[in-house]
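Here is the structure we will look at.
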Number of protein chains: 2
Amino acid sequence: MAGASEVTETRVERKERTRRAILDAALELTDGTSLVAISLRQVAKEVGVVPTAFYRHFDSVESLGLALVDESFESLRGLLREVWRRSPEFRDYIDGSLPVLADHVRAHSAHYAFIVRERTAGPPRVRDAIRHEIELITRELATDVARVPGTESYSTEHLNLLADLIVSFVVTTAERLIEEPGAETRIVADTRTQLRMLMVGALNWESRR
Amino acid sequence: MAGASEVTETRVERKERTRRAILDAALELTDGTSLVAISLRQVAKEVGVVPTAFYRHFDSVESLGLALVDESFESLRGLLREVWRRSPEFRDYIDGSLPVLADHVRAHSAHYAFIVRERTAGPPRVRDAIRHEIELITRELATDVARVPGTESYSTEHLNLLADLIVSFVVTTAERLIEEPGAETRIVADTRTQLRMLMVGALNWESRR
DNA sequence: AGTTTCAGTGAACGTGTGTTCACTGACGAG
DNA sequence: CTCGTCAGTGAACACACGTTCACTGAAACT
């Protein structure tokens with residue numbers, strides 16, 4: 001039966017497909033609200049499945065949330081790899097990375113929106129998971145920045161603080177890109193200026209006139 | 001009946017007292033979640049009043065939220081006035097203001113936590129209200145910064161961007177103070193260093209060894 | 001071919017939800 | 001002293017919620 005086998009789905013394929021549908025439905029339903037505000041039954045209805053079937057894949061909305069945290073941060077690590085790949089020099093590092101960030105947020109807006117929202121308002125364990133992931137990324141960034149020429153004068157403590165500063169700034173920028181997707185070019189331009197202020201120093205700043 | 005009148009409550013006093021109790025109950029119930037996740041009936045039960053009585057004061061949980069936005073930002077404006085009063089010089093401006101921010105967040109943690117959570121995950125109109133208030137404060141800050149010596153070289157556009165940068169940073173710091181109240185002294189110390197980096201410029205930075 | 005596994009079903013449960021309505025009774029104005 | 005106002009009551013509604021249970025039927029294993 002070679003002809004039929006390419007149409008038919010294997011059992012695990014079918015299961016995975018439903019699982020994906022549940023994850024996607026949750027992302028769609030949380031758009032504009034939070035995980036804590038949606039119900040298992042809403043998700044099931046959106047998927048087109050009976051509420052009980054939900055339990056075959058997740059044992060609560062919270063654990064669904066943890067799965068979404070995982071795949072959202074997988075997205076984000078893709079961004080980081082791409083950014084680091086294209087920017088050998090520190091000065092251009094952040095500057096040239098902004099368009100990459102904007103592209104990435106646009107392409108994976110559901111994931112970024114999810115992180116931004118659940119980071120402060122999600123179920124406690126989801127919040128913790130997100131905070132932990134951000135912490136890991138900050139540590140990674142600190143070691144990356146340490147390898148860049150021009151950072152020799154930084155103590156390791158200050159390297160961590162700089163990395164933390166940059167990550168906060170990226171989070172803020174991602175927030176803005178998500179809540180006002182139409183203003184992407186303005187946000188990127190403004191953020192670039194602000195990053196230069198940060199790099200050069202507000203006290204040494206002079207606006208060109 | 002002069003003696004009794006000091007014990008008895010007037011009608012408007014009683015009404016105001018219930019209204020306050022509703023606002024406080026909502027702040028308490030949203031602690032750890034969001035407005036979108038609590039119900040009118042939970043609030044009523046917490047206040048010790050029948051669900052229907054809620055409608056005498058607010059016509060939905062969302063409008064309750066808008067009232068909370070109002071009083072939360074009244075708190076915040078108190079902070080701004082205090083900060084500006086004690087810091088005539090720009091260099092100490094932000095630096096000396098951090099303890100004031102920490103005190104204020106500690107004293108009004110319910111309000112700050114509310115803003116932090118609902119800013120990204122609250123009902124749409126509440127989110128808009130918060131964004132609008134933050135915008136107003138950013139504008140105020142820009143005109144304040146313009147009056148400070150040392151900012152003559154800034155164009156008005158760049159003044160706005162600097163103000164915006166500072167406000168984002170304050171929001172991030174407030175977030176941290178709320179989600180880890182025990183680490184206040186560490187957070188303040190780290191943030192102070194990061195603010196100096198921002199002022200002096202990361203590229204000009206040298207760690208003392 | 002026969003048997004096991006298991007994603008999805010459908011009914012049922014107790015409980016919580018927002019909103020309606022007619023009501024009570026104390027305060028405050030005339 | 002009398003009467004209208006109005007914060008708070010309590011019953012009732014139609015519906016959504018999470019979770020349980022015994023079930024079906026097709027794919028997968030033996």
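Residues in the structure tokens are named by chain (A, B, ... in the order shown) and by number from 1 within that chain; ligands are numbered from 1 in the order shown.
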
Problem set entry | Within 10 Å of chain A: residues of chain D, using only C-alpha atoms (C1' of nucleotides), as a list in words |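 So the residues of chain D near chain A are DA16, DC17, DG18, DT19, DT20, DA26, DA27 and DA28 of chain D.
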
How would chain A read as an mmCIF file with C-alpha atoms, in the first residue's frame after a least-squares superposition onto chain B over every Cα atom, matched in order?
```
data_model
loop_
_atom_site.group_PDB
_atom_site.id
_atom_site.type_symbol
_atom_site.label_atom_id
_atom_site.label_comp_id
_atom_site.auth_asym_id
_atom_site.auth_seq_id
_atom_site.Cartn_x
_atom_site.Cartn_y
_atom_site.Cartn_z
ATOM 1 C CA MET A 1 -27.638 65.363 69.397
ATOM 2 C CA ALA A 2 -24.048 66.601 69.319
ATOM 3 C CA GLY A 3 -22.671 63.514 71.076
ATOM 4 C CA ALA A 4 -24.004 60.978 68.588
ATOM 5 C CA SER A 5 -22.924 62.845 65.467
ATOM 6 C CA GLU A 6 -19.225 62.094 65.916
ATOM 7 C CA VAL A 7 -19.866 58.337 65.889
ATOM 8 C CA THR A 8 -22.412 58.213 63.089
ATOM 9 C CA GLU A 9 -21.323 58.263 59.475
ATOM 10 C CA THR A 10 -22.924 60.477 56.933
ATOM 11 C CA ARG A 11 -24.315 58.804 53.836
ATOM 12 C CA VAL A 12 -21.604 59.977 51.469
ATOM 13 C CA GLU A 13 -18.948 58.911 53.969
ATOM 14 C CA ARG A 14 -20.351 55.416 54.077
ATOM 15 C CA LYS A 15 -20.474 55.266 50.299
ATOM 16 C CA GLU A 16 -16.915 56.491 49.971
ATOM 17 C CA ARG A 17 -15.783 53.945 52.530
ATOM 18 C CA THR A 18 -17.281 51.089 50.527
ATOM 19 C CA ARG A 19 -15.776 52.467 47.343
ATOM 20 C CA ARG A 20 -12.351 52.474 48.970
ATOM 21 C CA ALA A 21 -12.905 48.949 50.232
ATOM 22 C CA ILE A 22 -13.674 47.853 46.668
ATOM 23 C CA LEU A 23 -10.544 49.527 45.312
ATOM 24 C CA ASP A 24 -8.409 47.961 48.050
ATOM 25 C CA ALA A 25 -9.955 44.539 47.528
ATOM 26 C CA ALA A 26 -9.218 44.768 43.803
ATOM 27 C CA LEU A 27 -5.599 45.709 44.480
ATOM 28 C CA GLU A 28 -5.263 42.775 46.835
ATOM 29 C CA LEU A 29 -6.928 40.279 44.511
ATOM 30 C CA THR A 30 -4.898 41.321 41.466
ATOM 31 C CA ASP A 31 -1.689 40.798 43.426
ATOM 32 C CA GLY A 32 -0.023 37.962 41.539
ATOM 33 C CA THR A 33 -2.465 38.046 38.627
ATOM 34 C CA SER A 34 -4.237 40.624 36.525
ATOM 35 C CA LEU A 35 -7.504 42.515 36.460
ATOM 36 C CA VAL A 36 -8.585 40.352 33.534
ATOM 37 C CA ALA A 37 -8.414 37.298 35.777
ATOM 38 C CA ILE A 38 -10.554 38.451 38.686
ATOM 39 C CA SER A 39 -14.310 38.604 38.902
ATOM 40 C CA LEU A 40 -16.793 41.114 40.166
ATOM 41 C CA ARG A 41 -18.078 38.486 42.564
ATOM 42 C CA GLN A 42 -14.649 37.841 44.077
ATOM 43 C CA VAL A 43 -14.267 41.548 44.731
ATOM 44 C CA ALA A 44 -17.725 41.752 46.284
ATOM 45 C CA LYS A 45 -17.069 38.752 48.515
ATOM 46 C CA GLU A 46 -13.736 40.215 49.640
ATOM 47 C CA VAL A 47 -15.449 43.486 50.543
ATOM 48 C CA GLY A 48 -18.221 41.610 52.350
ATOM 49 C CA VAL A 49 -20.996 42.892 50.186
ATOM 50 C CA VAL A 50 -23.465 41.319 47.802
ATOM 51 C CA PRO A 51 -22.375 41.241 44.124
ATOM 52 C CA THR A 52 -25.122 43.607 43.024
ATOM 53 C CA ALA A 53 -23.847 46.353 45.327
ATOM 54 C CA PHE A 54 -20.743 46.585 43.171
ATOM 55 C CA TYR A 55 -22.761 48.321 40.452
ATOM 56 C CA ARG A 56 -23.543 51.229 42.785
ATOM 57 C CA HIS A 57 -19.885 52.227 42.489
ATOM 58 C CA PHE A 58 -18.548 50.966 39.166
ATOM 59 C CA ASP A 59 -20.300 49.604 36.132
ATOM 60 C CA SER A 60 -17.641 47.028 35.305
ATOM 61 C CA VAL A 61 -14.321 45.666 36.478
ATOM 62 C CA GLU A 62 -12.721 47.628 33.671
ATOM 63 C CA SER A 63 -13.951 50.982 34.968
ATOM 64 C CA LEU A 64 -12.746 49.976 38.415
ATOM 65 C CA GLY A 65 -9.387 49.483 36.698
ATOM 66 C CA LEU A 66 -9.471 52.982 35.264
ATOM 67 C CA ALA A 67 -10.092 54.394 38.739
ATOM 68 C CA LEU A 68 -7.081 52.453 40.002
ATOM 69 C CA VAL A 69 -4.965 53.860 37.181
ATOM 70 C CA ASP A 70 -5.952 57.349 38.301
ATOM 71 C CA GLU A 71 -4.997 56.898 41.908
ATOM 72 C CA SER A 72 -1.837 54.947 41.065
ATOM 73 C CA PHE A 73 -0.516 57.755 38.927
ATOM 74 C CA GLU A 74 -1.448 60.276 41.576
ATOM 75 C CA SER A 75 1.002 58.330 43.756
ATOM 76 C CA LEU A 76 3.617 58.470 41.040
ATOM 77 C CA ARG A 77 3.297 62.193 40.566
ATOM 78 C CA GLY A 78 3.946 62.562 44.276
ATOM 79 C CA LEU A 79 7.206 60.730 43.716
ATOM 80 C CA LEU A 80 8.184 62.990 40.840
ATOM 81 C CA ARG A 81 7.511 66.143 42.834
ATOM 82 C CA GLU A 82 9.627 64.837 45.679
ATOM 83 C CA VAL A 83 12.482 63.830 43.395
ATOM 84 C CA TRP A 84 12.555 67.152 41.634
ATOM 85 C CA ARG A 85 12.390 69.072 44.904
ATOM 86 C CA ARG A 86 15.571 67.557 46.268
ATOM 87 C CA SER A 87 17.869 67.474 43.269
ATOM 88 C CA PRO A 88 19.003 70.799 41.840
ATOM 89 C CA GLU A 89 21.971 69.396 39.966
ATOM 90 C CA PHE A 90 21.733 67.105 37.004
ATOM 91 C CA ARG A 91 24.573 64.824 37.899
ATOM 92 C CA ASP A 92 23.082 64.027 41.285
ATOM 93 C CA TYR A 93 19.635 64.221 39.833
ATOM 94 C CA ILE A 94 19.129 60.611 38.924
ATOM 95 C CA ASP A 95 21.809 59.305 41.213
ATOM 96 C CA GLY A 96 20.332 60.787 44.364
ATOM 97 C CA SER A 97 16.826 59.963 43.269
ATOM 98 C CA LEU A 98 17.216 56.212 43.379
ATOM 99 C CA PRO A 99 16.669 55.860 47.139
ATOM 100 C CA VAL A 100 13.626 58.095 46.820
ATOM 101 C CA LEU A 101 12.285 55.803 44.098
ATOM 102 C CA ALA A 102 12.942 52.747 46.243
ATOM 103 C CA ASP A 103 11.193 54.300 49.249
ATOM 104 C CA HIS A 104 8.243 55.256 47.148
ATOM 105 C CA VAL A 105 7.863 51.857 45.517
ATOM 106 C CA ARG A 106 8.031 50.234 48.944
ATOM 107 C CA ALA A 107 5.440 52.599 50.395
ATOM 108 C CA HIS A 108 3.015 52.270 47.489
ATOM 109 C CA SER A 109 3.899 48.813 46.274
ATOM 110 C CA ALA A 110 0.300 47.865 45.517
ATOM 111 C CA HIS A 111 -0.070 50.786 43.136
ATOM 112 C CA TYR A 112 3.242 50.193 41.406
ATOM 113 C CA ALA A 113 2.603 46.488 41.098
ATOM 114 C CA PHE A 114 -0.770 47.281 39.606
ATOM 115 C CA ILE A 115 0.738 49.571 36.978
ATOM 116 C CA VAL A 116 3.509 47.135 36.116
ATOM 117 C CA ARG A 117 1.070 44.278 35.600
ATOM 118 C CA GLU A 118 -1.814 45.994 33.856
ATOM 119 C CA ARG A 119 0.488 47.979 31.615
ATOM 120 C CA THR A 120 1.067 44.924 29.445
ATOM 121 C CA ALA A 121 -1.732 42.537 30.341
ATOM 122 C CA GLY A 122 -4.684 44.568 31.547
ATOM 123 C CA PRO A 123 -7.953 45.283 29.742
ATOM 124 C CA PRO A 124 -7.273 47.318 26.568
ATOM 125 C CA ARG A 125 -8.692 50.585 27.878
ATOM 126 C CA VAL A 126 -6.685 50.256 31.087
ATOM 127 C CA ARG A 127 -3.530 49.616 29.079
ATOM 128 C CA ASP A 128 -4.213 52.694 26.981
ATOM 129 C CA ALA A 129 -4.805 54.839 30.053
ATOM 130 C CA ILE A 130 -1.503 53.712 31.569
ATOM 131 C CA ARG A 131 0.407 54.303 28.367
ATOM 132 C CA HIS A 132 -1.097 57.760 28.111
ATOM 133 C CA GLU A 133 -0.128 58.672 31.667
ATOM 134 C CA ILE A 134 3.432 57.511 31.080
ATOM 135 C CA GLU A 135 3.535 59.617 27.939
ATOM 136 C CA LEU A 136 2.478 62.705 29.898
ATOM 137 C CA ILE A 137 5.112 62.097 32.533
ATOM 138 C CA THR A 138 7.782 61.687 29.870
ATOM 139 C CA ARG A 139 6.838 65.048 28.382
ATOM 140 C CA GLU A 140 6.983 66.683 31.812
ATOM 141 C CA LEU A 141 10.381 65.190 32.463
ATOM 142 C CA ALA A 142 11.681 66.479 29.123
ATOM 143 C CA THR A 143 10.838 70.072 30.031
ATOM 144 C CA ASP A 144 12.318 69.597 33.497
ATOM 145 C CA VAL A 145 15.557 68.225 32.086
ATOM 146 C CA ALA A 146 15.739 71.131 29.638
ATOM 147 C CA ARG A 147 15.976 73.567 32.561
ATOM 148 C CA VAL A 148 18.971 71.788 34.005
ATOM 149 C CA PRO A 149 22.478 73.169 33.332
ATOM 150 C CA GLY A 150 24.506 70.948 31.022
ATOM 151 C CA THR A 151 21.698 70.127 28.612
ATOM 152 C CA GLU A 152 22.105 73.147 26.371
ATOM 153 C CA SER A 153 23.666 71.019 23.647
ATOM 154 C CA TYR A 154 20.533 68.895 23.328
ATOM 155 C CA SER A 155 18.021 69.469 20.551
ATOM 156 C CA THR A 156 14.397 69.273 21.683
ATOM 157 C CA GLU A 157 13.998 66.008 19.816
ATOM 158 C CA HIS A 158 16.946 64.529 21.657
ATOM 159 C CA LEU A 159 15.697 65.909 24.938
ATOM 160 C CA ASN A 160 12.517 63.929 24.415
ATOM 161 C CA LEU A 161 14.483 60.802 23.610
ATOM 162 C CA LEU A 162 16.621 61.231 26.707
ATOM 163 C CA ALA A 163 13.535 61.718 28.875
ATOM 164 C CA ASP A 164 12.002 58.627 27.303
ATOM 165 C CA LEU A 165 15.168 56.670 27.976
ATOM 166 C CA ILE A 166 15.130 57.687 31.630
ATOM 167 C CA VAL A 167 11.449 56.839 32.053
ATOM 168 C CA SER A 168 11.909 53.372 30.554
ATOM 169 C CA PHE A 169 14.766 52.833 32.893
ATOM 170 C CA VAL A 170 12.719 53.901 35.899
ATOM 171 C CA VAL A 171 9.892 51.587 34.844
ATOM 172 C CA THR A 172 12.312 48.687 34.580
ATOM 173 C CA THR A 173 13.779 49.475 37.983
ATOM 174 C CA ALA A 174 10.345 49.728 39.580
ATOM 175 C CA GLU A 175 9.503 46.337 38.059
ATOM 176 C CA ARG A 176 12.542 44.824 39.699
ATOM 177 C CA LEU A 177 11.923 46.405 43.074
ATOM 178 C CA ILE A 178 8.442 44.956 43.040
ATOM 179 C CA GLU A 179 9.215 41.441 41.916
ATOM 180 C CA GLU A 180 12.085 41.079 44.390
ATOM 181 C CA PRO A 181 11.340 43.367 47.358
ATOM 182 C CA GLY A 182 13.977 41.754 49.557
ATOM 183 C CA ALA A 183 16.811 42.689 47.205
ATOM 184 C CA GLU A 184 16.211 46.404 47.414
ATOM 185 C CA THR A 185 19.714 47.473 48.394
ATOM 186 C CA ARG A 186 21.362 45.303 45.739
ATOM 187 C CA ILE A 187 18.974 46.505 43.045
ATOM 188 C CA VAL A 188 19.555 50.124 43.992
ATOM 189 C CA ALA A 189 23.336 49.700 43.965
ATOM 190 C CA ASP A 190 23.336 47.916 40.597
ATOM 191 C CA THR A 191 20.961 50.416 39.079
ATOM 192 C CA ARG A 192 23.112 53.289 40.264
ATOM 193 C CA THR A 193 26.106 51.816 38.468
ATOM 194 C CA GLN A 194 24.085 51.287 35.342
ATOM 195 C CA LEU A 195 22.813 54.836 35.424
ATOM 196 C CA ARG A 196 26.375 56.094 35.683
ATOM 197 C CA MET A 197 27.267 53.952 32.682
ATOM 198 C CA LEU A 198 24.385 55.561 30.855
ATOM 199 C CA MET A 199 25.459 59.045 31.845
ATOM 200 C CA VAL A 200 29.189 58.673 31.312
ATOM 201 C CA GLY A 201 28.817 56.332 28.357
ATOM 202 C CA ALA A 202 29.607 52.671 28.094
ATOM 203 C CA LEU A 203 32.381 53.359 25.594
ATOM 204 C CA ASN A 204 34.142 55.726 27.978
ATOM 205 C CA TRP A 205 33.652 53.468 30.940
ATOM 206 C CA GLU A 206 36.486 52.215 33.060
ATOM 207 C CA SER A 207 35.901 49.982 36.034
ATOM 208 C CA ARG A 208 37.901 50.881 39.086
ATOM 209 C CA ARG A 209 39.964 47.945 40.171
#
```

For this session: Can you check which residues of chain C have any atom within 8 Å of chain A? Use only C-alpha atoms (C1' of nucleotides) and format it as a list in words.
Result: DA7, DG8 and DT9 of chain C

For this session: From a DSSP calculation on the backbone, collect every residue of range 94-199 of chain A in alpha helix (DSSP H) and output the set as a ChimeraX atom specification.
Result: /A:94-107,109-121,124-146,156-179,184-199

Seminar exercise, completed: As a check of understanding: the span from C1' of DA12 in chain C to C1' of DA22 in chain D is 11.5 Å
